[in-house]
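*Asks:* So here's coords_39.cif, just mmCIF, C-alpha atoms and all ligand atoms:
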```
data_work
loop_
_atom_site.label_atom_id
_atom_site.label_comp_id
_atom_site.auth_asym_id
_atom_site.auth_seq_id
_atom_site.Cartn_x
_atom_site.Cartn_y
_atom_site.Cartn_z
CA MET A 1 98.97 77.43 102.35
CA LYS A 2 102.63 78.09 101.68
CA ARG A 3 105.59 75.89 102.77
CA ILE A 4 108.63 78.17 102.64
CA LEU A 5 112.32 77.36 102.99
CA VAL A 6 114.42 80.44 103.81
CA THR A 7 118.22 80.52 103.37
CA GLY A 8 120.37 83.06 105.22
CA ALA A 9 117.67 83.10 107.90
CA LEU A 10 119.94 84.49 110.64
CA GLY A 11 120.99 87.54 108.61
CA GLN A 12 119.69 91.12 108.83
CA ILE A 13 116.67 90.50 106.60
CA GLY A 14 116.21 86.76 107.18
CA SER A 15 115.90 86.99 110.96
CA GLU A 16 112.93 89.38 110.74
CA LEU A 17 111.45 87.85 107.59
CA VAL A 18 111.13 84.42 109.22
CA VAL A 19 109.17 85.92 112.13
CA LYS A 20 106.80 87.67 109.72
CA LEU A 21 106.33 84.60 107.51
CA ARG A 22 105.58 82.40 110.55
CA LYS A 23 102.91 84.89 111.68
CA LEU A 24 101.37 84.94 108.21
CA TYR A 25 101.59 81.30 107.16
CA GLY A 26 102.02 79.36 110.45
CA GLU A 27 105.07 78.27 112.49
CA GLU A 28 105.12 74.81 110.96
CA ASN A 29 105.20 76.15 107.38
CA VAL A 30 108.49 78.05 107.51
CA LEU A 31 111.84 76.26 107.62
CA ALA A 32 114.68 78.62 108.54
CA THR A 33 118.21 77.66 107.42
CA ASP A 34 121.62 79.23 107.81
CA ILE A 35 125.28 78.21 107.77
CA ARG A 36 125.49 78.37 111.59
CA GLU A 37 123.24 77.33 114.48
CA PRO A 38 121.11 80.13 115.99
CA LYS A 39 121.92 81.31 119.54
CA GLU A 40 118.35 80.54 120.56
CA LYS A 41 116.39 77.97 118.62
CA GLU A 42 112.87 79.17 117.83
CA GLY A 43 110.79 77.24 115.32
CA LEU A 44 111.99 74.90 112.58
CA PHE A 45 115.69 75.33 111.80
CA GLN A 46 118.34 73.38 109.86
CA VAL A 47 122.00 74.16 109.24
CA LEU A 48 122.55 74.68 105.50
CA ASP A 49 125.60 75.84 103.57
CA VAL A 50 124.01 77.10 100.35
CA THR A 51 127.01 76.00 98.29
CA GLU A 52 125.88 72.40 99.03
CA GLY A 53 123.15 71.92 96.45
CA LYS A 54 122.37 68.30 97.32
CA ARG A 55 121.64 69.18 100.97
CA MET A 56 119.48 72.13 99.91
CA TYR A 57 117.50 69.82 97.62
CA GLU A 58 117.05 67.19 100.36
CA LEU A 59 115.92 69.74 102.96
CA ALA A 60 113.42 71.31 100.54
CA LYS A 61 112.08 67.90 99.49
CA GLN A 62 111.76 66.52 103.05
CA PHE A 63 110.03 69.73 104.15
CA ASN A 64 107.68 69.50 101.16
CA ALA A 65 108.47 73.13 100.36
CA ASP A 66 106.53 75.01 97.70
CA SER A 67 108.57 78.23 97.95
CA LEU A 68 112.23 79.11 98.41
CA ILE A 69 113.38 82.53 99.64
CA HIS A 70 117.09 82.74 99.04
CA MET A 71 118.74 85.44 101.20
CA ALA A 72 122.23 84.00 101.84
CA ALA A 73 124.89 86.27 100.27
CA LEU A 74 127.91 88.43 101.07
CA LEU A 75 127.28 92.19 101.07
CA SER A 76 129.21 94.79 99.09
CA ALA A 77 132.09 95.81 101.39
CA THR A 78 132.91 92.23 102.46
CA ALA A 79 132.68 91.08 98.84
CA GLU A 80 135.34 93.66 97.92
CA LYS A 81 137.63 92.17 100.58
CA LYS A 82 137.01 88.57 99.44
CA PRO A 83 135.99 88.78 95.75
CA LEU A 84 136.60 85.14 94.86
CA TYR A 85 134.69 83.85 97.87
CA ALA A 86 131.91 86.39 97.13
CA TRP A 87 131.53 85.01 93.62
CA GLN A 88 131.54 81.41 94.89
CA LEU A 89 128.99 82.09 97.62
CA ASN A 90 126.70 84.55 95.83
CA MET A 91 126.61 82.73 92.49
CA GLY A 92 127.10 79.16 93.77
CA GLY A 93 124.31 79.59 96.33
CA LEU A 94 122.01 81.19 93.78
CA ILE A 95 122.42 78.57 91.06
CA ASN A 96 121.84 75.82 93.64
CA ALA A 97 118.68 77.54 94.88
CA LEU A 98 117.41 78.02 91.32
CA GLU A 99 118.15 74.38 90.46
CA VAL A 100 116.29 73.16 93.56
CA SER A 101 113.36 75.41 92.57
CA ARG A 102 113.37 74.01 89.05
CA GLU A 103 113.55 70.38 90.21
CA LEU A 104 110.87 70.74 92.89
CA ASN A 105 108.75 73.36 91.10
CA LEU A 106 109.10 75.96 93.88
CA GLN A 107 108.15 79.61 93.75
CA PHE A 108 111.41 81.54 94.13
CA PHE A 109 112.48 84.90 95.58
CA THR A 110 115.94 86.42 95.86
CA PRO A 111 117.00 90.03 96.36
CA SER A 112 119.15 92.04 94.02
CA SER A 113 120.40 95.46 95.13
CA ILE A 114 121.12 99.06 94.16
CA GLY A 115 124.64 97.58 93.98
CA ALA A 116 123.67 96.12 90.60
CA PHE A 117 124.17 99.64 89.18
CA GLY A 118 127.47 101.34 88.44
CA PRO A 119 129.08 104.69 87.65
CA THR A 120 127.70 104.84 84.09
CA THR A 121 124.10 104.24 85.26
CA PRO A 122 121.93 107.42 85.33
CA LYS A 123 122.27 108.59 88.94
CA GLU A 124 118.97 110.39 89.38
CA ASN A 125 115.61 108.65 89.06
CA THR A 126 117.47 105.55 87.84
CA PRO A 127 115.10 103.71 85.46
CA GLN A 128 114.04 100.09 85.95
CA ASP A 129 115.75 99.09 82.69
CA THR A 130 119.02 100.91 82.22
CA ILE A 131 122.81 100.63 81.97
CA GLN A 132 124.25 98.13 84.49
CA ARG A 133 128.04 98.13 84.53
CA PRO A 134 128.86 97.82 88.28
CA THR A 135 132.48 98.11 89.38
CA THR A 136 132.26 95.88 92.49
CA MET A 137 132.26 92.08 92.79
CA TYR A 138 128.97 92.38 94.71
CA GLY A 139 127.47 94.30 91.79
CA VAL A 140 128.83 91.86 89.22
CA SER A 141 127.24 88.96 91.15
CA LYS A 142 123.96 90.85 91.48
CA VAL A 143 123.69 91.62 87.74
CA ALA A 144 124.58 88.02 86.89
CA GLY A 145 121.99 86.90 89.45
CA GLU A 146 119.26 89.09 87.95
CA LEU A 147 119.96 87.61 84.52
CA LEU A 148 120.05 84.07 85.90
CA CYS A 149 116.64 84.51 87.57
CA ASP A 150 115.18 85.83 84.30
CA TYR A 151 116.77 82.89 82.48
CA TYR A 152 115.23 80.30 84.83
CA PHE A 153 111.82 81.87 84.31
CA HIS A 154 112.02 82.07 80.51
CA ARG A 155 113.88 78.81 79.94
CA PHE A 156 112.32 76.53 82.59
CA GLY A 157 109.19 78.38 83.75
CA VAL A 158 110.43 78.71 87.36
CA ASP A 159 108.29 81.36 89.10
CA THR A 160 111.24 83.60 89.98
CA ARG A 161 110.64 86.99 91.63
CA GLY A 162 112.90 89.64 93.15
CA VAL A 163 113.56 93.27 94.03
CA ARG A 164 116.59 95.55 94.04
CA PHE A 165 116.84 96.47 97.71
CA PRO A 166 118.26 99.80 98.79
CA GLY A 167 120.12 100.05 102.13
CA LEU A 168 117.90 98.52 104.82
CA ILE A 169 117.60 100.01 108.29
CA SER A 170 116.49 97.93 111.28
CA TYR A 171 116.94 97.60 115.04
CA THR A 172 116.76 93.81 115.42
CA THR A 173 119.77 92.21 113.70
CA PRO A 174 122.62 94.48 112.56
CA PRO A 175 123.76 94.19 108.92
CA GLY A 176 127.31 93.03 108.26
CA GLY A 177 129.73 94.12 105.57
CA GLY A 178 127.50 96.48 103.59
CA THR A 179 128.19 99.99 102.28
CA THR A 180 124.89 101.34 103.61
CA ASP A 181 125.49 99.95 107.14
CA TYR A 182 126.38 103.46 108.39
CA ALA A 183 122.67 104.30 108.29
CA VAL A 184 122.04 101.60 110.91
CA GLU A 185 125.17 102.21 113.02
CA ILE A 186 124.33 105.91 113.36
CA TYR A 187 121.15 105.08 115.31
CA TYR A 188 122.89 102.56 117.60
CA LYS A 189 125.69 105.02 118.37
CA ALA A 190 123.27 107.93 118.83
CA VAL A 191 121.37 105.98 121.49
CA GLU A 192 124.43 104.37 123.12
CA GLU A 193 127.04 107.17 122.97
CA GLY A 194 125.33 110.33 121.67
CA ARG A 195 127.84 110.62 118.83
CA TYR A 196 128.85 108.94 115.58
CA THR A 197 131.76 109.07 113.14
CA SER A 198 130.47 108.43 109.63
CA TYR A 199 132.59 106.52 107.12
CA ILE A 200 130.38 107.87 104.32
CA ALA A 201 130.92 111.52 103.36
CA GLU A 202 128.38 114.29 103.86
CA GLY A 203 126.26 114.78 100.74
CA THR A 204 126.50 111.18 99.53
CA TYR A 205 122.94 110.22 98.69
CA MET A 206 121.80 106.59 98.60
CA ASP A 207 118.40 104.91 98.61
CA MET A 208 117.24 103.46 101.94
CA MET A 209 114.22 101.69 103.38
CA TYR A 210 112.96 100.72 106.84
CA MET A 211 112.83 96.98 107.42
CA PRO A 212 109.02 96.65 107.85
CA ASP A 213 108.57 98.05 104.33
CA ALA A 214 111.20 95.67 102.93
CA LEU A 215 109.53 92.63 104.50
CA GLN A 216 106.11 93.72 103.26
CA ALA A 217 107.55 94.15 99.76
CA ILE A 218 108.79 90.53 99.76
CA VAL A 219 105.39 89.21 100.86
CA ASP A 220 103.48 91.43 98.41
CA LEU A 221 105.65 90.43 95.46
CA MET A 222 105.41 86.71 96.33
CA GLU A 223 101.61 87.05 96.61
CA ALA A 224 101.24 89.15 93.43
CA ASP A 225 99.43 87.83 90.38
CA GLY A 226 102.26 86.46 88.23
CA SER A 227 100.43 87.24 84.99
CA LYS A 228 100.68 90.98 85.80
CA LEU A 229 104.45 90.91 86.31
CA GLU A 230 106.25 92.19 83.28
CA HIS A 231 109.66 92.31 84.98
CA ARG A 232 109.38 89.57 87.67
CA ASN A 233 112.97 90.00 88.93
CA ALA A 234 115.03 92.91 90.16
CA PHE A 235 112.26 95.49 90.66
CA ASN A 236 113.63 98.87 91.76
CA ILE A 237 112.18 99.70 95.19
CA THR A 238 113.03 102.55 97.55
CA ALA A 239 111.49 104.57 100.38
CA MET A 240 113.88 107.53 100.68
CA SER A 241 117.06 108.99 99.20
CA ILE A 242 119.21 110.31 102.06
CA GLU A 243 122.73 111.36 103.04
CA PRO A 244 124.42 111.17 106.49
CA ASN A 245 123.77 114.75 107.59
CA GLN A 246 120.03 114.45 106.99
CA ILE A 247 119.86 111.44 109.30
CA ALA A 248 121.91 113.30 111.91
CA GLU A 249 119.55 116.30 111.78
CA GLU A 250 116.53 114.02 112.17
CA ILE A 251 118.17 112.23 115.14
CA LYS A 252 118.81 115.62 116.81
CA LYS A 253 115.05 116.18 117.01
CA HIS A 254 115.02 113.27 119.51
CA ILE A 255 118.55 113.50 120.96
CA PRO A 256 119.46 117.23 120.79
CA ALA A 257 123.05 116.70 122.05
CA PHE A 258 123.84 114.19 119.25
CA GLU A 259 127.06 114.99 117.39
CA MET A 260 128.49 113.57 114.18
CA ASP A 261 131.83 113.88 112.46
CA TYR A 262 133.39 112.15 109.47
CA ALA A 263 136.31 109.74 108.87
CA VAL A 264 135.61 108.68 105.31
CA ASP A 265 136.54 105.13 104.32
CA PRO A 266 137.78 105.35 100.72
CA VAL A 267 136.62 101.82 99.79
CA ARG A 268 133.04 102.17 100.98
CA GLN A 269 132.87 105.80 99.83
CA GLY A 270 134.00 104.67 96.37
CA ILE A 271 131.31 102.00 96.29
CA ALA A 272 128.65 104.50 97.43
CA GLU A 273 129.68 106.97 94.74
CA SER A 274 129.33 104.30 92.06
CA TRP A 275 125.68 103.72 93.05
CA PRO A 276 122.64 105.84 92.13
CA ASN A 277 121.39 108.77 94.22
CA PHE A 278 117.80 107.64 93.88
CA ILE A 279 116.14 104.93 91.86
CA ASP A 280 112.72 105.02 90.20
CA PRO A 281 110.34 102.42 91.74
CA SER A 282 107.46 103.03 89.32
CA ALA A 283 107.57 99.57 87.67
CA ALA A 284 107.13 97.95 91.13
CA LYS A 285 104.26 100.35 91.89
CA GLU A 286 102.52 99.65 88.60
CA GLU A 287 103.03 95.89 88.38
CA TRP A 288 102.37 94.79 91.99
CA GLY A 289 101.40 97.89 93.97
CA PHE A 290 104.65 98.52 95.89
CA THR A 291 104.37 101.24 98.56
CA ALA A 292 106.54 102.27 101.51
CA ALA A 293 104.93 103.40 104.76
CA TYR A 294 108.06 104.89 106.39
CA ASP A 295 109.90 108.08 105.46
CA LEU A 296 113.02 109.40 107.27
CA GLU A 297 110.99 111.17 109.97
CA LYS A 298 108.75 108.20 110.82
CA MET A 299 111.60 105.70 110.63
CA THR A 300 113.86 107.79 112.90
CA ALA A 301 111.18 108.15 115.58
CA ASP A 302 110.61 104.39 115.57
CA MET A 303 114.33 103.48 115.52
CA ILE A 304 115.12 105.77 118.47
CA GLU A 305 112.15 104.52 120.48
CA LYS A 306 112.91 100.82 119.84
CA LEU A 307 116.68 101.11 120.35
CA SER A 308 116.23 103.16 123.53
CA SER A 309 114.24 100.36 125.14
CA LYS A 310 116.54 97.66 123.70
CA LEU A 311 119.90 99.21 124.68
CA ASN A 312 119.18 101.21 127.84
C1 LIG A 401 125.15 96.86 100.91
O1 LIG A 401 125.40 98.00 101.31
O2 LIG A 401 126.01 96.09 100.45
C2 LIG A 401 123.72 96.41 100.93
C3 LIG A 401 123.04 96.71 99.62
C4 LIG A 401 122.61 98.09 99.31
O3 LIG A 401 122.86 95.83 98.84
N1 LIG A 401 123.02 97.03 102.02
#
```
Represent the structure contained in this file as structure tokens.
Ligand code: AKB
*Replies:*
Amino acid sequence: MKRILVTGALGQIGSELVVKLRKLYGEENVLATDIREPKEKEGLFQVLDVTEGKRMYELAKQFNADSLIHMAALLSATAEKKPLYAWQLNMGGLINALEVSRELNLQFFTPSSIGAFGPTTPKENTPQDTIQRPTTMYGVSKVAGELLCDYYFHRFGVDTRGVRFPGLISYTTPPGGGTTDYAVEIYYKAVEEGRYTSYIAEGTYMDMMYMPDALQAIVDLMEADGSKLEHRNAFNITAMSIEPNQIAEEIKKHIPAFEMDYAVDPVRQGIAESWPNFIDPSAAKEEWGFTAAYDLEKMTADMIEKLSSKLN
């Protein structure tokens, strides 16, 4: 039975991941942590600022954790606004989490991102192992993080694992400060107002994935036979490569009057253009059987249905 400590548990991924982990491994075996108190307290929760390594160690030890899932980080657009803080939080939190995992012999997971790629990376079918020269602070911290996770495995034998997430789409907790957030906002606005102004330009392709597939990927990789993992960290995973107009067209099948226009934000557009159009997830498929159940059509139907009952 697992005993899992999750950081960043109130964030877009963390809030749904904790629910899934509690269903799988039992309420009492998942300790959710975040820098702020939750609005409603459900299950075990402790306030934790991930830059405080000693507190992270004490919480993990008291809880008798055997796994640490480290989600706390700033996303790409916010990191561009606060680059120094992004470095301190993303790298400071990660090194603390890796140290705690080394000291307490914990299995470890942390996400990297398509943001770990840059303008000189091959844009189409981006290979698992390729050029990584990102031009954002988020990307710099993600590449450094990927290397650090590999280092802790090779140097200290910590069972580190991770994926490169694409943009994640969900209806439960909105993302904050990402470049791919438009692909979530568009559904909220479609249901609430019947229209959306996209800050990402038409024709800008990025990888995306529906949250249930992302959560399943975390569980599957954590459960995978470690001896079969050649890469361990930073596996490319994706479910679809899409651009704003394709989402709009799919939404129109459910909300025919939906309208979209564009007011492109140069910062986030620049970040999006520095990222791949679609990444190749074949290493994840081969080494631990990654699959995605949702494509654009299936995801859109589910998003509209769930948001319609949540917002109306
Ligand atoms: C972001 O847009 O910053 C994130 C990501 C792709 O890592 N969603």
*Asks:* Padding of 5 Å on every side, edges along x, y and z, all listed atoms of ligand LIG 401 (chain A) included: what centre and edge lengths in Å, to one decimal, does that box have, as AutoDock Vina command-line options?
*Replies:*
```
--center_x 124.3 --center_y 97.0 --center_z 100.4 --size_x 13.4 --size_y 12.3 --size_z 13.2
```
*Asks:* Let me have all residues with an atom within 8 Å of ligand LIG 401 (chain A), counting only C-alpha atoms and all ligand atoms, laid out as a list in words.
*Replies:*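 The residues near ligand LIG 401 (chain A) are Leu74, Leu75, Ser76, Ala77, Ser112, Ser113, Ile114, Gly115, Tyr138, Arg164, Phe165, Pro166, Gly167, Leu168, Pro175, Gly177, Gly178, Thr179, Thr180 and Asp181 of chain A.
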*Asks:* So which residues touch Glu27 (chain A) within 9 Å, counting all atoms listed in the file, skipping near sequence neighbours fewer than 6 positions away, as a VMD selection string?
*Replies:* chain A and resid 19 21 43 to 44
*Asks:* Do you have, as JSON lines, the list of residues of region 48-132 of chain A lying at most 9 Å from region 211-227 of chain A, each with its nearest atom pair and that distance in Å to one decimal, counting all atoms listed in the file and ordered by chain then number?
*Replies:*
```
{"residue": "A:Gln107", "atom": "CA", "partner": "A:Met222", "partner_atom": "CA", "distance": 8.0}
{"residue": "A:Phe108", "atom": "CA", "partner": "A:Met222", "partner_atom": "CA", "distance": 8.2}
{"residue": "A:Phe109", "atom": "CA", "partner": "A:Met222", "partner_atom": "CA", "distance": 7.3}
{"residue": "A:Pro111", "atom": "CA", "partner": "A:Ile218", "partner_atom": "CA", "distance": 8.9}
```
*Asks:* Show which residues sit within 10 Å of region 159-161 of chain A, as a VMD selection string. Count all atoms listed in the file, and ignore same-chain residues fewer than 5 positions away.
*Replies:* chain A and resid 67 to 69 98 101 to 102 105 to 111 146 148 to 154 218 221 to 222 224 226 229 231 to 235
*Asks:* Between A:Asn125, A:Thr120, A:Gly11, A:Ala86, which residue has the minimum interatomic distance to His70 (chain A), considering all atoms listed in the file?
*Replies:*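 Result for the nearest residue to His70 (chain A): A:Gly11.
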*Asks:* Can you list every residue of region 171-205 of chain A that has an atom at most 12 Å from region 237-242 of chain A, with its nearest atom pair and the distance in Å to one decimal, using all atoms listed in the file, ordered by chain then number, as a tab-separated table?
*Replies:*
```
residue	atom	partner	partner_atom	distance
A:Thr180	CA	A:Ile242	CA	10.7
A:Tyr182	CA	A:Ile242	CA	11.8
A:Ala183	CA	A:Ile242	CA	9.3
A:Ile200	CA	A:Ile242	CA	11.7
A:Ala201	CA	A:Ile242	CA	11.8
A:Glu202	CA	A:Ile242	CA	10.2
A:Gly203	CA	A:Ile242	CA	8.5
A:Thr204	CA	A:Ile242	CA	7.8
A:Tyr205	CA	A:Ile242	CA	5.0
```
*Asks:* Can you list, as a ChimeraX atom specification, every protein, DNA or RNA residue that comes within 9 Å of Gly194 (chain A) when you count all atoms listed in the file, leaving out same-chain residues fewer than 4 positions away?
*Replies:* /A:189-190,255,257-260
*Asks:* May I ask which of the residues A:Val18, A:Ile279, A:Ile169, A:Ala248 is the closest one to Thr121 (chain A), counting only C-alpha atoms?
*Replies:* A:Ile279
*Asks:* Pull region 82-178 of chain A out of the block and emit C-alpha atoms, as an mmCIF file, in the first residue's frame.
*Replies:*
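out07.cif, written as the output of this step:
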```cif
data_model
loop_
_atom_site.group_PDB
_atom_site.id
_atom_site.type_symbol
_atom_site.label_atom_id
_atom_site.label_comp_id
_atom_site.auth_asym_id
_atom_site.auth_seq_id
_atom_site.Cartn_x
_atom_site.Cartn_y
_atom_site.Cartn_z
ATOM 1 C CA LYS A 82 8.512 36.859 -12.202
ATOM 2 C CA PRO A 83 11.609 35.020 -13.503
ATOM 3 C CA LEU A 84 13.668 35.191 -10.313
ATOM 4 C CA TYR A 85 10.813 33.972 -8.138
ATOM 5 C CA ALA A 86 10.062 31.244 -10.726
ATOM 6 C CA TRP A 87 13.634 29.977 -10.469
ATOM 7 C CA GLN A 88 13.534 30.087 -6.658
ATOM 8 C CA LEU A 89 10.202 28.287 -6.427
ATOM 9 C CA ASN A 90 10.566 25.784 -9.271
ATOM 10 C CA MET A 91 14.170 24.811 -8.554
ATOM 11 C CA GLY A 92 14.172 25.388 -4.772
ATOM 12 C CA GLY A 93 11.015 23.305 -4.356
ATOM 13 C CA LEU A 94 12.327 20.560 -6.612
ATOM 14 C CA ILE A 95 15.724 20.177 -4.947
ATOM 15 C CA ASN A 96 14.025 20.063 -1.533
ATOM 16 C CA ALA A 97 11.608 17.390 -2.736
ATOM 17 C CA LEU A 98 14.448 15.341 -4.253
ATOM 18 C CA GLU A 99 16.507 15.656 -1.063
ATOM 19 C CA VAL A 100 13.563 14.507 1.079
ATOM 20 C CA SER A 101 13.094 11.561 -1.311
ATOM 21 C CA ARG A 102 16.772 10.669 -1.051
ATOM 22 C CA GLU A 103 16.825 10.908 2.756
ATOM 23 C CA LEU A 104 13.594 8.958 3.280
ATOM 24 C CA ASN A 105 13.965 6.628 0.284
ATOM 25 C CA LEU A 106 10.704 7.762 -1.357
ATOM 26 C CA GLN A 107 9.497 7.016 -4.852
ATOM 27 C CA PHE A 108 9.353 10.376 -6.639
ATOM 28 C CA PHE A 109 7.272 11.941 -9.420
ATOM 29 C CA THR A 110 7.391 15.450 -10.844
ATOM 30 C CA PRO A 111 6.106 16.802 -14.151
ATOM 31 C CA SER A 112 8.185 18.452 -16.819
ATOM 32 C CA SER A 113 6.431 20.118 -19.767
ATOM 33 C CA ILE A 114 6.427 20.784 -23.501
ATOM 34 C CA GLY A 115 7.880 24.081 -22.215
ATOM 35 C CA ALA A 116 11.212 22.265 -21.827
ATOM 36 C CA PHE A 117 11.587 22.609 -25.625
ATOM 37 C CA GLY A 118 12.549 25.738 -27.528
ATOM 38 C CA PRO A 119 12.668 27.303 -30.983
ATOM 39 C CA THR A 120 15.576 25.138 -32.189
ATOM 40 C CA THR A 121 13.813 21.878 -31.195
ATOM 41 C CA PRO A 122 12.281 19.970 -34.159
ATOM 42 C CA LYS A 123 8.672 21.215 -34.182
ATOM 43 C CA GLU A 124 6.935 18.215 -35.708
ATOM 44 C CA ASN A 125 6.941 14.781 -34.081
ATOM 45 C CA THR A 126 9.443 16.125 -31.533
ATOM 46 C CA PRO A 127 11.620 13.167 -30.455
ATOM 47 C CA GLN A 128 11.997 12.048 -26.842
ATOM 48 C CA ASP A 129 15.713 12.884 -26.909
ATOM 49 C CA THR A 130 16.389 16.049 -28.852
ATOM 50 C CA ILE A 131 17.624 19.650 -28.726
ATOM 51 C CA GLN A 132 16.386 21.503 -25.605
ATOM 52 C CA ARG A 133 17.266 25.195 -25.663
ATOM 53 C CA PRO A 134 14.092 26.849 -24.254
ATOM 54 C CA THR A 135 13.855 30.642 -24.254
ATOM 55 C CA THR A 136 11.595 31.026 -21.179
ATOM 56 C CA MET A 137 12.456 30.885 -17.469
ATOM 57 C CA TYR A 138 9.805 28.160 -17.115
ATOM 58 C CA GLY A 139 11.570 26.128 -19.804
ATOM 59 C CA VAL A 140 14.998 26.709 -18.281
ATOM 60 C CA SER A 141 13.699 25.460 -14.905
ATOM 61 C CA LYS A 142 12.042 22.455 -16.548
ATOM 62 C CA VAL A 143 15.196 21.361 -18.408
ATOM 63 C CA ALA A 144 17.275 21.816 -15.257
ATOM 64 C CA GLY A 145 14.621 19.849 -13.358
ATOM 65 C CA GLU A 146 14.693 16.973 -15.858
ATOM 66 C CA LEU A 147 18.476 16.762 -15.497
ATOM 67 C CA LEU A 148 18.278 16.968 -11.712
ATOM 68 C CA CYS A 149 15.789 14.083 -11.560
ATOM 69 C CA ASP A 150 18.057 11.967 -13.783
ATOM 70 C CA TYR A 151 20.995 12.919 -11.565
ATOM 71 C CA TYR A 152 19.234 11.836 -8.354
ATOM 72 C CA PHE A 153 18.425 8.486 -9.948
ATOM 73 C CA HIS A 154 21.923 7.803 -11.294
ATOM 74 C CA ARG A 155 23.866 9.287 -8.394
ATOM 75 C CA PHE A 156 21.730 8.273 -5.390
ATOM 76 C CA GLY A 157 19.355 5.614 -6.737
ATOM 77 C CA VAL A 158 16.220 7.680 -5.985
ATOM 78 C CA ASP A 159 13.308 6.159 -7.942
ATOM 79 C CA THR A 160 12.533 9.356 -9.864
ATOM 80 C CA ARG A 161 9.852 9.345 -12.574
ATOM 81 C CA GLY A 162 8.196 12.044 -14.682
ATOM 82 C CA VAL A 163 6.459 13.101 -17.882
ATOM 83 C CA ARG A 164 6.498 16.164 -20.114
ATOM 84 C CA PHE A 165 2.892 17.328 -19.873
ATOM 85 C CA PRO A 166 1.240 19.144 -22.745
ATOM 86 C CA GLY A 167 -1.470 21.748 -22.002
ATOM 87 C CA LEU A 168 -4.026 20.135 -19.690
ATOM 88 C CA ILE A 169 -7.751 20.736 -20.051
ATOM 89 C CA SER A 170 -10.155 20.252 -17.146
ATOM 90 C CA TYR A 171 -13.423 21.545 -15.695
ATOM 91 C CA THR A 172 -12.689 21.251 -11.961
ATOM 92 C CA THR A 173 -9.893 23.684 -11.019
ATOM 93 C CA PRO A 174 -8.834 26.303 -13.583
ATOM 94 C CA PRO A 175 -5.116 26.542 -14.426
ATOM 95 C CA GLY A 176 -3.302 29.771 -13.588
ATOM 96 C CA GLY A 177 -0.558 31.541 -15.488
ATOM 97 C CA GLY A 178 0.025 29.049 -18.300
#
```
